[in-house]
>>> print(open('my_file_14.cif').read())   # mmCIF, C-alpha atoms
data_start
#
loop_
_atom_site.group_PDB
_atom_site.id
_atom_site.type_symbol
_atom_site.label_atom_id
_atom_site.label_comp_id
_atom_site.auth_asym_id
_atom_site.auth_seq_id
_atom_site.Cartn_x
_atom_site.Cartn_y
_atom_site.Cartn_z
ATOM 1 C CA MET A 1257 121.856 10.664 5.095
ATOM 2 C CA VAL A 1258 124.249 10.547 8.028
ATOM 3 C CA ASP A 1259 122.495 7.545 9.601
ATOM 4 C CA ARG A 1260 122.780 5.537 6.391
ATOM 5 C CA LEU A 1261 126.471 6.369 6.064
ATOM 6 C CA ASP A 1262 127.166 4.986 9.555
ATOM 7 C CA ASP A 1263 126.712 1.366 8.358
ATOM 8 C CA ARG A 1264 129.056 1.931 5.451
ATOM 9 C CA ILE A 1265 131.781 3.215 7.732
ATOM 10 C CA LEU A 1266 131.419 0.647 10.519
ATOM 11 C CA MET A 1267 130.730 -2.515 8.511
ATOM 12 C CA PRO A 1268 133.406 -3.816 6.087
ATOM 13 C CA LYS A 1269 132.309 -4.567 2.546
ATOM 14 C CA GLY A 1270 130.694 -7.987 2.285
ATOM 15 C CA LYS A 1271 129.779 -8.079 5.996
ATOM 16 C CA ARG A 1272 127.018 -5.514 6.102
ATOM 17 C CA LYS A 1273 123.804 -6.596 7.718
ATOM 18 C CA SER A 1274 120.562 -5.004 8.723
ATOM 19 C CA VAL A 1275 119.625 -4.508 12.353
ATOM 20 C CA GLN A 1276 116.016 -4.854 13.398
ATOM 21 C CA CYS A 1277 114.548 -3.493 16.609
ATOM 22 C CA SER A 1278 111.712 -5.086 18.523
ATOM 23 C CA PRO A 1279 108.407 -3.168 18.920
ATOM 24 C CA ALA A 1280 109.305 -2.590 22.574
ATOM 25 C CA GLN A 1281 112.679 -1.061 21.615
ATOM 26 C CA ASN A 1282 111.035 1.161 19.018
ATOM 27 C CA ALA A 1283 108.458 2.317 21.563
ATOM 28 C CA ALA A 1284 111.162 3.068 24.148
ATOM 29 C CA SER A 1285 113.188 5.101 21.678
ATOM 30 C CA SER A 1286 110.128 7.183 20.753
ATOM 31 C CA VAL A 1287 109.252 8.159 24.336
ATOM 32 C CA LYS A 1288 109.850 11.879 24.862
ATOM 33 C CA THR A 1289 110.772 13.662 28.070
ATOM 34 C CA PRO A 1290 108.451 16.444 29.358
ATOM 35 C CA LEU A 1291 110.926 19.050 28.066
ATOM 36 C CA GLU A 1292 111.057 17.421 24.629
ATOM 37 C CA LEU A 1293 107.270 17.400 24.489
ATOM 38 C CA LYS A 1294 107.147 21.121 25.273
ATOM 39 C CA ARG A 1295 109.819 21.858 22.665
ATOM 40 C CA SER A 1296 107.905 19.874 20.051
ATOM 41 C CA LYS A 1297 104.998 22.308 20.426
ATOM 42 C CA LEU A 1298 107.078 25.353 19.484
ATOM 43 C CA SER A 1299 105.992 26.923 16.223
ATOM 44 C CA LYS A 1300 107.856 28.964 13.638
ATOM 45 C CA GLU A 1301 105.215 31.672 14.017
ATOM 46 C CA THR A 1302 105.918 31.987 17.756
ATOM 47 C CA LEU A 1303 109.657 32.323 17.216
ATOM 48 C CA ASP A 1304 109.264 34.755 14.311
ATOM 49 C CA GLU A 1305 106.952 36.950 16.384
ATOM 50 C CA TRP A 1306 109.487 37.011 19.231
ATOM 51 C CA TYR A 1307 112.334 38.025 16.898
ATOM 52 C CA THR A 1308 110.194 40.770 15.335
ATOM 53 C CA ASN A 1309 109.289 42.189 18.746
ATOM 54 C CA TYR A 1310 112.875 41.890 19.963
ATOM 55 C CA LYS A 1311 114.232 43.742 16.930
ATOM 56 C CA ASP A 1312 111.675 46.526 17.449
ATOM 57 C CA PHE A 1313 112.734 46.697 21.109
ATOM 58 C CA LEU A 1314 116.434 46.993 20.198
ATOM 59 C CA ILE A 1315 115.652 49.756 17.704
ATOM 60 C CA SER A 1316 113.501 51.660 20.196
ATOM 61 C CA LYS A 1317 116.327 51.601 22.767
ATOM 62 C CA GLY A 1318 119.085 52.392 20.266
ATOM 63 C CA PHE A 1319 120.873 49.083 20.931
ATOM 64 C CA LEU A 1320 121.494 48.040 17.323
ATOM 65 C CA GLU A 1321 124.543 50.315 17.121
ATOM 66 C CA LYS A 1322 125.687 49.390 20.657
ATOM 67 C CA PRO A 1323 126.486 45.656 20.777
ATOM 68 C CA GLY A 1324 128.359 46.170 24.044
ATOM 69 C CA CYS A 1325 125.018 46.956 25.687
ATOM 70 C CA ILE A 1326 123.370 43.677 24.624
ATOM 71 C CA TRP A 1327 124.055 40.906 27.160
ATOM 72 C CA ASN A 1328 123.006 37.303 27.654
ATOM 73 C CA ALA A 1329 123.316 35.254 30.852
ATOM 74 C CA ASP A 1330 123.056 31.477 30.979
ATOM 75 C CA GLU A 1331 123.808 28.956 33.696
ATOM 76 C CA THR A 1332 125.125 25.453 33.363
ATOM 77 C CA GLY A 1333 125.502 22.762 35.995
ATOM 78 C CA PHE A 1334 127.946 20.004 36.880
ATOM 79 C CA ASN A 1335 126.683 17.057 38.918
ATOM 80 C CA MET A 1336 128.486 16.343 42.158
ATOM 81 C CA GLY A 1337 129.285 12.618 42.159
ATOM 82 C CA ALA A 1338 129.204 9.778 39.672
ATOM 83 C CA ASN A 1339 126.301 8.833 37.426
ATOM 84 C CA LYS A 1340 127.596 5.316 36.715
ATOM 85 C CA SER A 1341 127.654 2.279 38.969
ATOM 86 C CA LYS A 1342 131.199 1.355 37.941
ATOM 87 C CA VAL A 1343 134.408 3.158 38.849
ATOM 88 C CA ILE A 1344 138.070 2.671 37.959
ATOM 89 C CA GLY A 1345 140.063 1.309 40.856
ATOM 90 C CA PRO A 1346 142.454 -1.426 42.063
ATOM 91 C CA SER A 1347 141.663 -4.935 40.824
ATOM 92 C CA ARG A 1348 142.287 -6.397 44.275
ATOM 93 C CA LYS A 1349 138.980 -7.057 46.023
ATOM 94 C CA ASP A 1350 140.472 -6.502 49.495
ATOM 95 C CA ILE A 1351 141.061 -2.802 48.738
ATOM 96 C CA PRO A 1352 137.863 -0.771 49.229
ATOM 97 C CA VAL A 1353 137.022 1.769 46.524
ATOM 98 C CA PRO A 1354 134.975 4.786 47.665
ATOM 99 C CA GLN A 1355 131.927 5.584 45.557
ATOM 100 C CA ILE A 1356 129.904 8.792 45.551
ATOM 101 C CA SER A 1357 126.289 8.668 44.496
ATOM 102 C CA ALA A 1358 125.141 11.295 42.027
ATOM 103 C CA GLY A 1359 122.362 12.711 44.223
ATOM 104 C CA LYS A 1360 120.889 16.114 43.434
ATOM 105 C CA GLN A 1361 123.822 18.319 44.424
ATOM 106 C CA ARG A 1362 125.645 20.180 41.702
ATOM 107 C CA LEU A 1363 127.959 23.073 40.972
ATOM 108 C CA THR A 1364 126.287 25.848 38.992
ATOM 109 C CA VAL A 1365 128.209 28.341 36.845
ATOM 110 C CA MET A 1366 126.582 31.468 35.425
ATOM 111 C CA TYR A 1367 128.143 32.790 32.234
ATOM 112 C CA CYS A 1368 127.437 36.270 30.948
ATOM 113 C CA GLY A 1369 128.666 37.899 27.741
ATOM 114 C CA ASN A 1370 127.689 40.631 25.325
ATOM 115 C CA ALA A 1371 127.329 40.978 21.552
ATOM 116 C CA SER A 1372 130.814 42.524 21.343
ATOM 117 C CA GLY A 1373 132.351 39.278 22.568
ATOM 118 C CA GLN A 1374 133.153 40.437 26.098
ATOM 119 C CA MET A 1375 132.677 37.999 28.997
ATOM 120 C CA MET A 1376 132.293 39.195 32.558
ATOM 121 C CA PRO A 1377 133.697 37.343 35.604
ATOM 122 C CA LEU A 1378 131.831 34.143 36.448
ATOM 123 C CA VAL A 1379 129.295 33.530 39.185
ATOM 124 C CA PHE A 1380 129.519 30.147 40.937
ATOM 125 C CA VAL A 1381 126.911 28.488 43.138
ATOM 126 C CA PHE A 1382 128.333 25.739 45.363
ATOM 127 C CA PRO A 1383 126.417 23.322 47.592
ATOM 128 C CA GLU A 1384 126.605 24.085 51.299
ATOM 129 C CA PRO A 1385 128.490 24.089 53.596
ATOM 130 C CA LYS A 1386 131.141 26.634 52.704
ATOM 131 C CA PRO A 1387 134.571 24.944 52.718
ATOM 132 C CA ARG A 1388 137.074 26.129 55.325
ATOM 133 C CA ALA A 1389 140.262 24.424 54.153
ATOM 134 C CA TYR A 1390 140.490 26.033 50.712
ATOM 135 C CA ASP A 1391 139.201 28.884 48.557
ATOM 136 C CA PRO A 1392 136.906 27.591 45.766
ATOM 137 C CA LEU A 1393 137.653 30.726 43.737
ATOM 138 C CA ASN A 1394 141.377 30.003 43.623
ATOM 139 C CA GLY A 1395 142.259 30.044 39.919
ATOM 140 C CA ALA A 1396 138.920 31.522 38.833
ATOM 141 C CA PRO A 1397 138.828 34.682 36.666
ATOM 142 C CA GLU A 1398 139.475 37.823 38.667
ATOM 143 C CA GLY A 1399 136.268 39.357 39.955
ATOM 144 C CA SER A 1400 134.355 36.053 40.048
ATOM 145 C CA TYR A 1401 131.702 35.691 42.736
ATOM 146 C CA ILE A 1402 130.578 32.662 44.715
ATOM 147 C CA ALA A 1403 127.331 31.893 46.524
ATOM 148 C CA TYR A 1404 126.129 28.845 48.443
ATOM 149 C CA THR A 1405 122.782 27.076 48.417
ATOM 150 C CA LYS A 1406 121.651 23.773 49.936
ATOM 151 C CA LYS A 1407 122.166 21.736 46.754
ATOM 152 C CA GLY A 1408 124.214 24.091 44.578
ATOM 153 C CA TRP A 1409 121.277 25.191 42.436
ATOM 154 C CA MET A 1410 120.654 28.861 41.718
ATOM 155 C CA ASP A 1411 117.569 30.215 43.473
ATOM 156 C CA GLY A 1412 115.833 33.587 43.597
ATOM 157 C CA THR A 1413 118.177 34.955 46.256
ATOM 158 C CA THR A 1414 121.380 34.003 44.435
ATOM 159 C CA PHE A 1415 119.996 35.288 41.137
ATOM 160 C CA SER A 1416 119.261 38.620 42.786
ATOM 161 C CA LYS A 1417 122.921 38.707 43.851
ATOM 162 C CA PHE A 1418 123.866 37.935 40.250
ATOM 163 C CA ILE A 1419 122.005 41.094 39.177
ATOM 164 C CA ASP A 1420 124.247 43.067 41.577
ATOM 165 C CA HIS A 1421 127.274 41.317 40.054
ATOM 166 C CA PHE A 1422 126.039 42.114 36.550
ATOM 167 C CA ASP A 1423 125.481 45.768 37.452
ATOM 168 C CA LYS A 1424 129.064 45.976 38.736
ATOM 169 C CA PHE A 1425 130.735 44.564 35.619
ATOM 170 C CA ALA A 1426 128.430 45.602 32.771
ATOM 171 C CA VAL A 1427 129.306 48.676 30.741
ATOM 172 C CA VAL A 1428 128.867 52.044 32.416
ATOM 173 C CA GLU A 1429 126.619 53.283 29.623
ATOM 174 C CA ARG A 1430 122.975 52.626 30.360
ATOM 175 C CA PRO A 1431 120.461 51.298 29.630
ATOM 176 C CA VAL A 1432 121.641 47.765 28.851
ATOM 177 C CA VAL A 1433 119.574 44.716 27.958
ATOM 178 C CA LEU A 1434 120.013 41.301 29.547
ATOM 179 C CA LEU A 1435 118.557 38.306 27.699
ATOM 180 C CA LEU A 1436 117.338 35.576 30.065
ATOM 181 C CA ASP A 1437 115.602 32.231 29.885
ATOM 182 C CA SER A 1438 112.376 31.605 31.809
ATOM 183 C CA VAL A 1439 113.757 29.487 34.659
ATOM 184 C CA GLY A 1440 111.696 30.036 37.797
ATOM 185 C CA SER A 1441 114.627 31.447 39.800
ATOM 186 C CA HIS A 1442 115.027 34.216 37.186
ATOM 187 C CA ILE A 1443 111.467 35.477 37.488
ATOM 188 C CA SER A 1444 110.510 37.502 40.530
ATOM 189 C CA GLN A 1445 109.149 40.945 41.316
ATOM 190 C CA GLU A 1446 112.228 41.727 43.429
ATOM 191 C CA VAL A 1447 114.605 41.000 40.567
ATOM 192 C CA PHE A 1448 112.644 43.045 38.026
ATOM 193 C CA VAL A 1449 112.395 46.027 40.393
ATOM 194 C CA LYS A 1450 116.113 45.879 41.204
ATOM 195 C CA ALA A 1451 117.030 45.647 37.505
ATOM 196 C CA LYS A 1452 114.776 48.581 36.656
ATOM 197 C CA GLU A 1453 116.428 50.713 39.338
ATOM 198 C CA LYS A 1454 119.845 49.920 37.825
ATOM 199 C CA ASN A 1455 118.598 50.719 34.291
ATOM 200 C CA ILE A 1456 118.893 47.081 33.214
ATOM 201 C CA GLU A 1457 116.253 45.897 30.749
ATOM 202 C CA LEU A 1458 115.432 42.220 31.341
ATOM 203 C CA TYR A 1459 114.170 40.507 28.185
ATOM 204 C CA ARG A 1460 112.871 36.947 28.336
ATOM 205 C CA ILE A 1461 113.514 34.337 25.659
ATOM 206 C CA VAL A 1462 110.599 32.165 24.537
ATOM 207 C CA PRO A 1463 110.103 29.406 27.170
ATOM 208 C CA ASN A 1464 111.551 26.003 26.192
ATOM 209 C CA ALA A 1465 113.297 27.518 23.156
ATOM 210 C CA THR A 1466 116.708 28.346 24.605
ATOM 211 C CA HIS A 1467 118.307 25.474 22.655
ATOM 212 C CA LEU A 1468 117.372 27.423 19.517
ATOM 213 C CA MET A 1469 117.519 31.062 20.603
ATOM 214 C CA GLN A 1470 119.843 31.668 23.546
ATOM 215 C CA PRO A 1471 123.213 33.018 22.305
ATOM 216 C CA LEU A 1472 125.312 31.408 25.062
ATOM 217 C CA ASP A 1473 123.524 28.076 24.610
ATOM 218 C CA LYS A 1474 124.548 28.152 20.953
ATOM 219 C CA GLY A 1475 128.077 29.445 21.349
ATOM 220 C CA VAL A 1476 129.623 28.979 24.810
ATOM 221 C CA SER A 1477 127.860 26.508 27.101
ATOM 222 C CA VAL A 1478 127.800 23.870 24.378
ATOM 223 C CA LEU A 1479 131.597 23.762 24.146
#
>>> encode(input="my_file_14.cif", output="structure tokens")
Amino acid sequence: MVDRLDDRILMPKGKRKSVQCSPAQNAASSVKTPLELKRSKLSKETLDEWYTNYKDFLISKGFLEKPGCIWNADETGFNMGANKSKVIGPSRKDIPVPQISAGKQRLTVMYCGNASGQMMPLVFVFPEPKPRAYDPLNGAPEGSYIAYTKKGWMDGTTFSKFIDHFDKFAVVERPVVLLLDSVGSHISQEVFVKAKEKNIELYRIVPNATHLMQPLDKGVSVL
């Protein structure tokens, strides 16, 4: 319905025309990424089973009446550099304009909030080396933490430090539950043992279904 309305809005009356795509264009538009292919295999039964088990888990732990004990953590990344080949600069050709390639470096930010609407201080992961001329946390929420990795991506070591950060700022009452996606850096024996010692219940969301199920994906990171 929305697609058909687009032509009515963009094309003045009397000038509407149909647009035909070549077979090659149609084929290109139908090609799915590996992630899209995995998501296409998700079934309603799989998601329903997860929600049933999760509800039973919340009831067994007494969390339904304690929304402040139900947390979700989700990371988002910002590419370091430009993705486009064109930049805005002086029109004079004798003035060089610096360009930064996109590369694989990025700045990662880990958000964490609970079902009561509380957000804890952020965790940042910057690409190395650590800057000396300024403090990257200047202006960040009080209590925010920063770590450094080679390319600014969160790895197992930095995620383990996030668990320490979470333990520091989560509610005093325990146990608490922390909903997580299935990213490789979030899954390790060390992390699960550390969380267990701190009375933190780690609960994994169905792989490749965070766009449907992860609270922060639906309410914060998409803003």
>>> resolve_selection(input="my_file_14.cif", expression="the PyMOL selection byres ((chain A and resi 1385-1387) around 9)", output="ChimeraX atom specification")
/A:1382-1384,1388-1392,1403-1406
>>> closest_residue(input="my_file_14.cif", among="A:Glu1446, A:Asp1411, A:Glu1301, A:Glu1457", to="Lys1317 (chain A)", atoms="only C-alpha atoms")
A:Glu1457
>>> closest_residue(input="my_file_14.cif", among="A:Lys1450, A:Ser1372, A:Val1439, A:Ala1426", to="Lys1322 (chain A)", atoms="only C-alpha atoms")
A:Ser1372
>>> atom_distance(input="my_file_14.cif", atom1="CA of Thr1364 (chain A)", atom2="CA of Val1433 (chain A)")
22.9 Å
>>> resolve_selection(input="my_file_14.cif", expression="the PyMOL selection byres ((chain A and resi 1398) around 12)", output="ChimeraX atom specification")
/A:1375-1379,1393-1397,1399-1402,1425
